[in-house]
Amino acid sequence: MTTAILQQSGTTAGKTPAARKPNRSFVHGIITNKKALAGMAVMLVFIALALLAPVLFPGDPSRITAMASLEPSAEHWLGTTAKGQDVLALTVHGSRSSLFVGLTVGFASTFIGILVGLASAYFGKFIDEALSLVTNVFLLLPGLPLLVILAAFLPPGLGTVILVLVVTGWAGSARVLRSQALSIRSKDFVAAAVVSGERAGRIMFREILPNMASIVMGTLLACVIYGIGAQAGLEFLGLGDASTVSWGNNLFWAGNEGALLTGSWWVFVPSGVCIALVAFALALINYAVDEVTNPRLRKIKTPKDTERSTSK
């Protein structure tokens, strides 16, 4: 006790570096992060467009409304397709299906990854070996051929696309979450909970899982990006439901109708840009989460910055 007091008095009396700020909450760190704000702003715009699509463009967006292959104009901001469909209406309505599939696949894959990762890390032994074997099998299977085979033999529809993407996308998240759960499993507070007689489910979801919040968040965002991109890839190959309006189907019909050959860039560029923007926004949020939760990625203030802040 005396030694601790002497050490504290010595550090306060001597010249020491600038005192560290108290740890901020995760929510406050995300709100004040510029990357997170930019990513969330882009995502809010797309979510608002998806929700307001029936209001902005009522009726069937696939209906023929004008002449074929019209260039962008005041009447049709993004032009028309080779069939005479309004490209802007198809793009806005396509966000509903693409975002729904991406978010559903992201949450489902992350949920399965959490269950498998926590069970494997907590129980260990035979359960860990069995779950690791299943996870490794799905990791070693080639993703695109498996997607093509499953999508080709199952009935078309959004449910089939979601099922196929979840089946092929949960293993990576399970491996990442298992490794993180293993490191937390060896902590003293988990051992104390086991000794005190806590149930396995309570320990996994009340003791271990809250300490994996940043990893779970990053895994969720990565799975959402995977879901949106993989759905677009499947539909571009013609393995989705061609009657559904989505960004992937917009690209599929643009290719089939010869938009690339005729130079009708306004038909395929909007859907491709939307996919890229959503992936970029989610990547910004993911990087912001890493910055907030990982001290090594935080910006370290120099002595000059400290002097400026104190002088103000």
# chains A, B, ... in the order shown; residues from 1 in each chain; ligands from 1

call {"tool": "residues_around", "arguments": {"residues": "Asp128 of chain A", "least_positions_apart": "3", "cutoff": "12 Å", "atoms": "only C-alpha atoms", "output": "list of chain:residue names"}}
result
A:Val116, A:Gly117, A:Leu118, A:Ala119, A:Ser120, A:Ala121, A:Tyr122, A:Phe123, A:Gly124, A:Lys125, A:Leu131, A:Ser132, A:Leu133, A:Val134, A:Thr135, A:Asn136, A:Ala174, A:Arg175, A:Arg178, A:Ser179, A:Leu182

call {"tool": "residues_around", "arguments": {"residues": "segment 190-194 of chain A", "least_positions_apart": "2", "cutoff": "12 Å", "atoms": "only C-alpha atoms", "output": "list in words"}}
result
Tyr122, Phe123, Ala181, Leu182, Ser183, Ile184, Arg185, Ser186, Lys187, Asp188, Ser196, Gly197, Glu198, Arg199, Ala200, Gly201, Arg202, Ile203, Met204, Phe205, Arg206, Glu207, Ile208, Leu209 and Asn211 of chain A

call {"tool": "write_last_selection", "arguments": {"atoms": "N, CA, C and O atoms", "output": "mmCIF file, in the first residue's frame"}}
result
data_model
loop_
_atom_site.group_PDB
_atom_site.id
_atom_site.type_symbol
_atom_site.label_atom_id
_atom_site.label_comp_id
_atom_site.auth_asym_id
_atom_site.auth_seq_id
_atom_site.Cartn_x
_atom_site.Cartn_y
_atom_site.Cartn_z
ATOM 1 N N TYR A 122 -16.154 -23.309 -25.697
ATOM 2 C CA TYR A 122 -16.487 -23.535 -24.293
ATOM 3 C C TYR A 122 -16.410 -25.006 -23.909
ATOM 4 O O TYR A 122 -15.794 -25.356 -22.893
ATOM 5 N N PHE A 123 -17.022 -25.882 -24.703
ATOM 6 C CA PHE A 123 -17.070 -27.296 -24.315
ATOM 7 C C PHE A 123 -15.771 -28.018 -24.632
ATOM 8 O O PHE A 123 -15.369 -28.909 -23.878
ATOM 9 N N ALA A 181 -13.314 -16.597 -28.853
ATOM 10 C CA ALA A 181 -13.933 -17.190 -27.664
ATOM 11 C C ALA A 181 -12.940 -18.056 -26.890
ATOM 12 O O ALA A 181 -13.004 -18.137 -25.659
ATOM 13 N N LEU A 182 -12.021 -18.698 -27.583
ATOM 14 C CA LEU A 182 -11.010 -19.507 -26.895
ATOM 15 C C LEU A 182 -10.121 -18.655 -26.002
ATOM 16 O O LEU A 182 -9.767 -19.065 -24.884
ATOM 17 N N SER A 183 -9.758 -17.468 -26.476
ATOM 18 C CA SER A 183 -8.911 -16.602 -25.653
ATOM 19 C C SER A 183 -9.658 -16.089 -24.427
ATOM 20 O O SER A 183 -9.078 -15.942 -23.346
ATOM 21 N N ILE A 184 -10.966 -15.831 -24.570
ATOM 22 C CA ILE A 184 -11.751 -15.355 -23.435
ATOM 23 C C ILE A 184 -12.091 -16.508 -22.491
ATOM 24 O O ILE A 184 -12.213 -16.314 -21.273
ATOM 25 N N ARG A 185 -12.202 -17.711 -23.036
ATOM 26 C CA ARG A 185 -12.533 -18.884 -22.214
ATOM 27 C C ARG A 185 -11.491 -19.127 -21.141
ATOM 28 O O ARG A 185 -11.809 -19.650 -20.048
ATOM 29 N N SER A 186 -10.246 -18.742 -21.376
ATOM 30 C CA SER A 186 -9.170 -18.986 -20.415
ATOM 31 C C SER A 186 -9.043 -17.894 -19.362
ATOM 32 O O SER A 186 -8.154 -17.970 -18.505
ATOM 33 N N LYS A 187 -9.907 -16.889 -19.389
ATOM 34 C CA LYS A 187 -9.831 -15.798 -18.420
ATOM 35 C C LYS A 187 -10.324 -16.258 -17.053
ATOM 36 O O LYS A 187 -11.077 -17.208 -16.915
ATOM 37 N N ASP A 188 -9.884 -15.503 -16.028
ATOM 38 C CA ASP A 188 -10.221 -15.881 -14.651
ATOM 39 C C ASP A 188 -11.704 -15.734 -14.351
ATOM 40 O O ASP A 188 -12.271 -16.536 -13.600
ATOM 41 N N SER A 196 -18.475 -21.381 -9.693
ATOM 42 C CA SER A 196 -19.651 -20.998 -8.917
ATOM 43 C C SER A 196 -20.910 -21.751 -9.328
ATOM 44 O O SER A 196 -21.956 -21.595 -8.701
ATOM 45 N N GLY A 197 -20.833 -22.556 -10.385
ATOM 46 C CA GLY A 197 -21.957 -23.381 -10.775
ATOM 47 C C GLY A 197 -22.894 -22.755 -11.783
ATOM 48 O O GLY A 197 -24.040 -23.216 -11.928
ATOM 49 N N GLU A 198 -22.439 -21.726 -12.501
ATOM 50 C CA GLU A 198 -23.287 -21.108 -13.520
ATOM 51 C C GLU A 198 -23.534 -22.091 -14.671
ATOM 52 O O GLU A 198 -22.700 -22.924 -14.990
ATOM 53 N N ARG A 199 -24.687 -21.972 -15.287
ATOM 54 C CA ARG A 199 -25.006 -22.827 -16.420
ATOM 55 C C ARG A 199 -24.152 -22.471 -17.626
ATOM 56 O O ARG A 199 -23.692 -21.337 -17.773
ATOM 57 N N ALA A 200 -23.959 -23.465 -18.500
ATOM 58 C CA ALA A 200 -23.105 -23.265 -19.666
ATOM 59 C C ALA A 200 -23.666 -22.171 -20.580
ATOM 60 O O ALA A 200 -22.915 -21.323 -21.082
ATOM 61 N N GLY A 201 -24.979 -22.175 -20.793
ATOM 62 C CA GLY A 201 -25.575 -21.161 -21.660
ATOM 63 C C GLY A 201 -25.405 -19.764 -21.112
ATOM 64 O O GLY A 201 -25.126 -18.821 -21.860
ATOM 65 N N ARG A 202 -25.559 -19.616 -19.806
ATOM 66 C CA ARG A 202 -25.399 -18.293 -19.195
ATOM 67 C C ARG A 202 -23.955 -17.815 -19.298
ATOM 68 O O ARG A 202 -23.703 -16.638 -19.562
ATOM 69 N N ILE A 203 -23.014 -18.724 -19.100
ATOM 70 C CA ILE A 203 -21.600 -18.331 -19.195
ATOM 71 C C ILE A 203 -21.248 -17.912 -20.617
ATOM 72 O O ILE A 203 -20.555 -16.907 -20.848
ATOM 73 N N MET A 204 -21.743 -18.675 -21.596
ATOM 74 C CA MET A 204 -21.401 -18.365 -22.979
ATOM 75 C C MET A 204 -22.006 -17.039 -23.434
ATOM 76 O O MET A 204 -21.325 -16.241 -24.092
ATOM 77 N N PHE A 205 -23.287 -16.803 -23.076
ATOM 78 C CA PHE A 205 -23.977 -15.634 -23.621
ATOM 79 C C PHE A 205 -23.972 -14.429 -22.686
ATOM 80 O O PHE A 205 -24.264 -13.317 -23.137
ATOM 81 N N ARG A 206 -23.634 -14.627 -21.396
ATOM 82 C CA ARG A 206 -23.597 -13.505 -20.470
ATOM 83 C C ARG A 206 -22.185 -13.123 -20.054
ATOM 84 O O ARG A 206 -21.954 -11.985 -19.611
ATOM 85 N N GLU A 207 -21.248 -14.033 -20.185
ATOM 86 C CA GLU A 207 -19.876 -13.756 -19.768
ATOM 87 C C GLU A 207 -18.927 -13.632 -20.958
ATOM 88 O O GLU A 207 -18.134 -12.690 -21.034
ATOM 89 N N ILE A 208 -19.008 -14.580 -21.888
ATOM 90 C CA ILE A 208 -18.048 -14.595 -23.000
ATOM 91 C C ILE A 208 -18.507 -13.693 -24.143
ATOM 92 O O ILE A 208 -17.727 -12.877 -24.655
ATOM 93 N N LEU A 209 -19.757 -13.825 -24.571
ATOM 94 C CA LEU A 209 -20.234 -13.100 -25.756
ATOM 95 C C LEU A 209 -20.136 -11.577 -25.625
ATOM 96 O O LEU A 209 -19.721 -10.918 -26.594
ATOM 97 N N ASN A 211 -17.969 -9.806 -24.284
ATOM 98 C CA ASN A 211 -16.577 -9.401 -24.485
ATOM 99 C C ASN A 211 -16.100 -9.613 -25.916
ATOM 100 O O ASN A 211 -14.942 -9.323 -26.233
#

call {"tool": "atom_distance", "arguments": {"atom1": "atom CA of Gly172 of chain A", "atom2": "atom CA of Leu139 of chain A"}}
result
6.8 Å

call {"tool": "residues_around", "arguments": {"residues": "Gln231 of chain A", "least_positions_apart": "2", "cutoff": "9 Å", "atoms": "only C-alpha atoms", "output": "number ranges by chain"}}
result
A: 98, 101-102, 161-162, 165, 226-229, 233-236, 240, 247-248

call {"tool": "residues_around", "arguments": {"residues": "Phe46 of chain A", "least_positions_apart": "2", "cutoff": "10 Å", "atoms": "only C-alpha atoms", "output": "ChimeraX atom specification"}}
result
/A:40-44,48-52,92,95-96,99,274,277-278

call {"tool": "write_last_selection", "arguments": {"atoms": "N, CA and C atoms", "output": "PDB file, in the first residue's frame"}}
result
ATOM      1  N   MET A  40     -22.520   5.260 -42.162  1.00  0.00           N
ATOM      2  CA  MET A  40     -23.916   5.205 -41.722  1.00  0.00           C
ATOM      3  C   MET A  40     -24.792   6.145 -42.539  1.00  0.00           C
ATOM      4  N   ALA A  41     -24.248   7.298 -42.958  1.00  0.00           N
ATOM      5  CA  ALA A  41     -25.023   8.223 -43.785  1.00  0.00           C
ATOM      6  C   ALA A  41     -25.382   7.585 -45.127  1.00  0.00           C
ATOM      7  N   VAL A  42     -24.405   6.913 -45.739  1.00  0.00           N
ATOM      8  CA  VAL A  42     -24.671   6.244 -47.019  1.00  0.00           C
ATOM      9  C   VAL A  42     -25.699   5.134 -46.840  1.00  0.00           C
ATOM     10  N   MET A  43     -25.558   4.345 -45.771  1.00  0.00           N
ATOM     11  CA  MET A  43     -26.497   3.254 -45.537  1.00  0.00           C
ATOM     12  C   MET A  43     -27.906   3.776 -45.245  1.00  0.00           C
ATOM     13  N   LEU A  44     -28.007   4.872 -44.514  1.00  0.00           N
ATOM     14  CA  LEU A  44     -29.329   5.442 -44.235  1.00  0.00           C
ATOM     15  C   LEU A  44     -30.005   5.911 -45.516  1.00  0.00           C
ATOM     16  N   ALA A  48     -33.473   4.340 -46.691  1.00  0.00           N
ATOM     17  CA  ALA A  48     -34.616   5.226 -46.938  1.00  0.00           C
ATOM     18  C   ALA A  48     -35.167   5.020 -48.346  1.00  0.00           C
ATOM     19  N   LEU A  49     -34.286   4.882 -49.337  1.00  0.00           N
ATOM     20  CA  LEU A  49     -34.749   4.634 -50.705  1.00  0.00           C
ATOM     21  C   LEU A  49     -35.489   3.303 -50.805  1.00  0.00           C
ATOM     22  N   ALA A  50     -34.967   2.288 -50.113  1.00  0.00           N
ATOM     23  CA  ALA A  50     -35.631   0.979 -50.151  1.00  0.00           C
ATOM     24  C   ALA A  50     -37.017   1.040 -49.525  1.00  0.00           C
ATOM     25  N   LEU A  51     -37.154   1.772 -48.415  1.00  0.00           N
ATOM     26  CA  LEU A  51     -38.451   1.859 -47.749  1.00  0.00           C
ATOM     27  C   LEU A  51     -39.436   2.724 -48.532  1.00  0.00           C
ATOM     28  N   LEU A  52     -38.929   3.758 -49.202  1.00  0.00           N
ATOM     29  CA  LEU A  52     -39.804   4.692 -49.915  1.00  0.00           C
ATOM     30  C   LEU A  52     -39.975   4.340 -51.389  1.00  0.00           C
ATOM     31  N   VAL A  92     -33.984   1.709 -57.757  1.00  0.00           N
ATOM     32  CA  VAL A  92     -34.515   2.005 -56.422  1.00  0.00           C
ATOM     33  C   VAL A  92     -35.260   0.802 -55.863  1.00  0.00           C
ATOM     34  N   SER A  95     -33.023  -2.086 -54.606  1.00  0.00           N
ATOM     35  CA  SER A  95     -32.390  -1.970 -53.288  1.00  0.00           C
ATOM     36  C   SER A  95     -33.168  -2.737 -52.226  1.00  0.00           C
ATOM     37  N   ARG A  96     -34.469  -2.876 -52.392  1.00  0.00           N
ATOM     38  CA  ARG A  96     -35.278  -3.587 -51.394  1.00  0.00           C
ATOM     39  C   ARG A  96     -34.851  -5.045 -51.295  1.00  0.00           C
ATOM     40  N   LEU A  99     -30.829  -5.370 -50.255  1.00  0.00           N
ATOM     41  CA  LEU A  99     -30.557  -5.078 -48.847  1.00  0.00           C
ATOM     42  C   LEU A  99     -31.211  -6.110 -47.937  1.00  0.00           C
ATOM     43  N   CYS A 274     -24.330   1.095 -57.005  1.00  0.00           N
ATOM     44  CA  CYS A 274     -25.041   0.904 -55.731  1.00  0.00           C
ATOM     45  C   CYS A 274     -24.422  -0.221 -54.915  1.00  0.00           C
ATOM     46  N   LEU A 277     -21.149   1.091 -53.536  1.00  0.00           N
ATOM     47  CA  LEU A 277     -21.323   2.083 -52.482  1.00  0.00           C
ATOM     48  C   LEU A 277     -21.744   1.439 -51.161  1.00  0.00           C
ATOM     49  N   VAL A 278     -22.664   0.477 -51.228  1.00  0.00           N
ATOM     50  CA  VAL A 278     -23.094  -0.202 -50.003  1.00  0.00           C
ATOM     51  C   VAL A 278     -21.937  -0.976 -49.381  1.00  0.00           C
TER      52      VAL A 278
END

call {"tool": "atom_distance", "arguments": {"atom1": "atom CA of Thr65 of chain A", "atom2": "atom CA of Leu78 of chain A"}}
result
13.2 Å

call {"tool": "atom_distance", "arguments": {"atom1": "atom CA of Ile114 of chain A", "atom2": "atom CA of Phe189 of chain A"}}
result
20.1 Å

call {"tool": "residues_around", "arguments": {"residues": "Gly113 of chain A", "least_positions_apart": "2", "cutoff": "7 Å", "atoms": "only C-alpha atoms", "output": "MDAnalysis selection string"}}
result
chainID A and resid 109:111 115:117 170:171 173:174 177

call {"tool": "write_last_selection", "arguments": {"atoms": "N, CA and C atoms", "output": "CSV table (one decimal), in the first residue's frame"}}
result
chain,number,residue,atom,x,y,z
A,109,SER,N,-25.9,-15.8,-40.8
A,109,SER,CA,-24.6,-16.4,-40.8
A,109,SER,C,-23.8,-16.1,-39.5
A,110,THR,N,-24.0,-14.9,-39.1
A,110,THR,CA,-23.3,-14.5,-37.8
A,110,THR,C,-23.9,-15.2,-36.6
A,111,PHE,N,-25.2,-15.4,-36.6
A,111,PHE,CA,-25.9,-16.2,-35.5
A,111,PHE,C,-25.4,-17.6,-35.5
A,115,LEU,N,-23.1,-19.4,-32.4
A,115,LEU,CA,-23.5,-20.7,-31.8
A,115,LEU,C,-22.3,-21.7,-31.9
A,116,VAL,N,-21.8,-21.9,-33.1
A,116,VAL,CA,-20.8,-22.9,-33.3
A,116,VAL,C,-19.5,-22.5,-32.6
A,117,GLY,N,-19.1,-21.2,-32.8
A,117,GLY,CA,-17.9,-20.7,-32.2
A,117,GLY,C,-17.9,-20.8,-30.6
A,170,TRP,N,-21.4,-19.3,-43.4
A,170,TRP,CA,-21.3,-19.2,-41.9
A,170,TRP,C,-20.0,-19.7,-41.4
A,171,ALA,N,-19.2,-20.5,-42.2
A,171,ALA,CA,-18.0,-21.2,-41.6
A,171,ALA,C,-16.9,-20.2,-41.3
A,173,SER,N,-17.2,-17.0,-40.4
A,173,SER,CA,-17.5,-16.3,-39.1
A,173,SER,C,-17.3,-17.2,-37.9
A,174,ALA,N,-17.7,-18.5,-38.1
A,174,ALA,CA,-17.5,-19.4,-36.9
A,174,ALA,C,-16.1,-19.6,-36.6
A,177,LEU,N,-14.9,-16.3,-34.7
A,177,LEU,CA,-15.5,-16.2,-33.4
A,177,LEU,C,-15.0,-17.3,-32.4

call {"tool": "residues_around", "arguments": {"residues": "Leu282 of chain A", "least_positions_apart": "4", "cutoff": "7 Å", "atoms": "only C-alpha atoms", "output": "JSON, numbers by chain"}}
result
{"A": [39, 221, 278, 286]}

call {"tool": "write_last_selection", "arguments": {"atoms": "C-alpha atoms", "output": "CSV table (one decimal), in the first residue's frame"}}
result
chain,number,residue,atom,x,y,z
A,39,GLY,CA,-20.7,4.9,-43.8
A,221,LEU,CA,-20.7,-6.4,-41.4
A,278,VAL,CA,-23.1,-0.2,-50.0
A,286,ASN,CA,-16.3,-2.0,-40.0

call {"tool": "closest_atom_pairs", "arguments": {"of": "segment 8-104 of chain A", "to": "segment 262-272 of chain A", "cutoff": "8 Å", "atoms": "only C-alpha atoms", "output": "Markdown table"}}
result
| residue | atom | partner | partner_atom | distance |
| --- | --- | --- | --- | --- |
| A:Ser69 | CA | A:Ser264 | CA | 7.2 |
| A:Glu71 | CA | A:Trp266 | CA | 7.2 |
| A:Pro72 | CA | A:Trp266 | CA | 7.2 |
| A:Leu78 | CA | A:Trp266 | CA | 6.0 |
| A:Gly79 | CA | A:Trp266 | CA | 6.5 |
| A:Thr80 | CA | A:Val267 | CA | 7.0 |
| A:Thr81 | CA | A:Val267 | CA | 6.0 |
| A:Val87 | CA | A:Val267 | CA | 6.3 |
| A:Thr91 | CA | A:Ser271 | CA | 6.0 |
